[in-house]
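First up is the structure itself, then whatever we jot down about it.
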Amino acid sequence: MPTNQTIDSIYRSHSRRVLATLIRLLGDFDRAEEALHDAFAAAAQQWTQETIPANPYAWLVSAGRFRAIDHIRRRTRFDAARSDIADSLYPEGEAMETTEPEEIEDDMLRLIFTCCHPLVPAEARMAMALREVCGLTTEEIAHAFLIPAPTVAQRIVRAKNRIRSARIPYEVPGKTELPERLAQVLHVIYLVFNEGYSASSGSAIVRAGLAAEAIRLCRLLLQLLPDPEIEGLLAIMLLQDSRRLARTDASGDLVLLVDQDRALWNRSQIREGLLLSARAMSAESVGSYALQAAIAAEHARAVTAGDTDWQQLVTLYDLLLMASPSPVIELNRAVAISMRDGPATALFIVDGLLHEERMARYHLTHAARADFLRQLGRLDEARQAYETALSLCQQAPEQAFLRKRLSELDDIAR
């Protein structure tokens with residue numbers, strides 16, 4: 001039998017795409033999720049280390065579909081009016097495709113557009129997408145949005161009910177409808193990438209497969225609709241992902257940007273990202289993704305941390321705040337200001353952000369504040385801020401990094 005680690009690895013790399021295809025084939029989110037779990041249970045029972053399929057995706061889709069149809073037939077065998085439901089899903093003798101379709105409009109992109117349909121309640125779209133596209137739990141989504149888990153669960157249930165009752169089509173809209181749907185879809189793809197680039201919880205900093213999937217989907221979207229904001233988003237993701245190998249050391253510990261070995265950065269991704277960023281910034285209308293890409297490009301161009309143009313970064317953050325006001329952007333701007341003007345000015349900004357409940361519950365707000373206090377020699381206050389950040393953090397490598405900071409304070413105090 002394959003090891004649990006093998007099954008877990010295949011689940012991480014294939015489960016969301018299998019689910020997306022099952023939703024299309026079965027026409028129901030809950031039925032597809034049940035089929036997904038049945039398929040992996042069957043894989044754990046039937047596969048051996050020597051017989052793992054060359055195409056696990058196709059095997060899992062086929063197994064999930066067969067089991068869903070079997071469940072439907074058993075549930076409806078006494079109901080003649082519904083007895084043909086399963087047959088319509090899988091006519092007798094029909095063979096399951098064993099290769100992935102070479103369509104631009106693939107099932108993951110369809111799934112994102114379905115989650116972001118205008119008829120789905122606005123407050124539920126992001127939670128629905130993170131649940132179905134990323135596979136996050138309701139607790140992880142709640143932590144990401146700083147809202148109670150039961151609220152997230154209720155939103156997802158309402159979204160599924162709306163999709164079912166309104167018969168929302170599982171499709172990528174036509175090109176005439178794409179522009180008006182673009183903002184929500186780009187936001188979801190960015191959320192998918194962020195969860196891959198910096199996991200909200202768990203033992204790993206990076207979920208590389210999720211980040212790669214977001215980049216792939218953005219490339220597909222750019223083929224469907226050439227647009228400067230899509231170019232900007234793709235540039236952000238390529239430039240940030242280029243640093244992936246340098247973000248942890250040999251022990252798996254977190255390495256901050258200023259301390260990273262830039263020889264490990266992926267130069268091919270950087271070249272493509274810089275080109276896309278330049279094109280996005282030269283457009284007639286420059287949006288928030290283009291500005292974020294320009295910020296990432298400034299870091300990518302610096303040969304060493306000391307070469308970083310912090311004045312230009314503060315200017316770009318000023319423009320980004322005008323285009324897309326956000327306390328998280330203000331926090332990032334404060335870090336840039338600390339590098340340009342020193343920690344005292346940045347601390348004043350962060351102290352103001354802590355008056356917002358969301359930012360007071362965000363561990364990186366307290367971590368940044370702790371760093372500024374440490375630089376100013378206010379060690380007792382820095383300790384309290386690091387401890388607060390640690391209590392709010394759910395990612396193991398970041399927790400280890402914060403404990404290391406606390407240990408360093410002990411060394412200074414001695």
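Just so we're on the same page: first chain in the structure tokens is A, next is B, and so on; residues restart at 1 for each chain, and ligands are numbered from 1 in the order they show up.
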Practice task
From a DSSP calculation on the backbone, collect every residue of segment 68-231 of chain A in alpha helix (DSSP H) and output the set as a PyMOL selection string.
Solution key: chain A and resi 68-75+85-89+107-115+122-129+138-145+149-165+178-197+208-224+228-231
Problem - Asn4 of chain A environment, 9 Å, only C-alpha atoms, sequence neighbours closer than 4 positions dropped, as a PyMOL selection string - result: chain A and resi 8-9+44
Write the residues of the selection above to a file with N, CA, C and O atoms, as an mmCIF file, in the first residue's frame.
```cif
data_model
loop_
_atom_site.group_PDB
_atom_site.id
_atom_site.type_symbol
_atom_site.label_atom_id
_atom_site.label_comp_id
_atom_site.auth_asym_id
_atom_site.auth_seq_id
_atom_site.Cartn_x
_atom_site.Cartn_y
_atom_site.Cartn_z
ATOM 1 N N ASP A 8 -1.060 11.801 1.018
ATOM 2 C CA ASP A 8 -1.174 13.215 1.407
ATOM 3 C C ASP A 8 -0.572 14.123 0.340
ATOM 4 O O ASP A 8 -1.126 15.192 0.026
ATOM 5 N N SER A 9 0.559 13.718 -0.216
ATOM 6 C CA SER A 9 1.208 14.521 -1.259
ATOM 7 C C SER A 9 0.330 14.627 -2.495
ATOM 8 O O SER A 9 0.188 15.713 -3.075
ATOM 9 N N ALA A 44 -6.523 4.975 -1.247
ATOM 10 C CA ALA A 44 -5.761 4.463 -0.103
ATOM 11 C C ALA A 44 -5.917 2.952 0.029
ATOM 12 O O ALA A 44 -4.992 2.261 0.473
#
```
Exercise for the section: Can you pull out every residue within 6 Å of Ala39 of chain A, counting only C-alpha atoms, but drop anything in the same chain fewer than 5 positions away, and send it as a ChimeraX atom specification? Expected result: /A:60,63-64
Practice task
Might you pull out every residue within 9 Å of Val192 of chain A, with only C-alpha atoms counted and same-chain residues fewer than 4 positions away left off, and present them as a list of chain:residue names?
Solution key: A:Ala129, A:Leu130, A:Val133, A:Cys134, A:His187, A:Val188, A:Gly196, A:Tyr197, A:Leu210, A:Ala211, A:Glu213, A:Ala214
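The nearest approach to Ser338 of chain A among the residues A:Glu284, A:Glu357, A:Glu50, A:Asp371, with only C-alpha atoms taken into account, belongs to A:Asp371.
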Exercise for the section: Give me, please, the distance in Å between atom CA of Asp259 of chain A and atom CA of Ala367 of chain A, quoted to one decimal. Expected result: 16.9 Å
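One distance worth recording is that between atom CA of Ala290 of chain A and atom CA of Leu316 of chain A, which is 10.3 Å.
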Exercise for the section: Record the distance separating atom CA of Leu220 of chain A and atom CA of Glu177 of chain A, expressed in Å with one decimal. Expected result: 16.3 Å
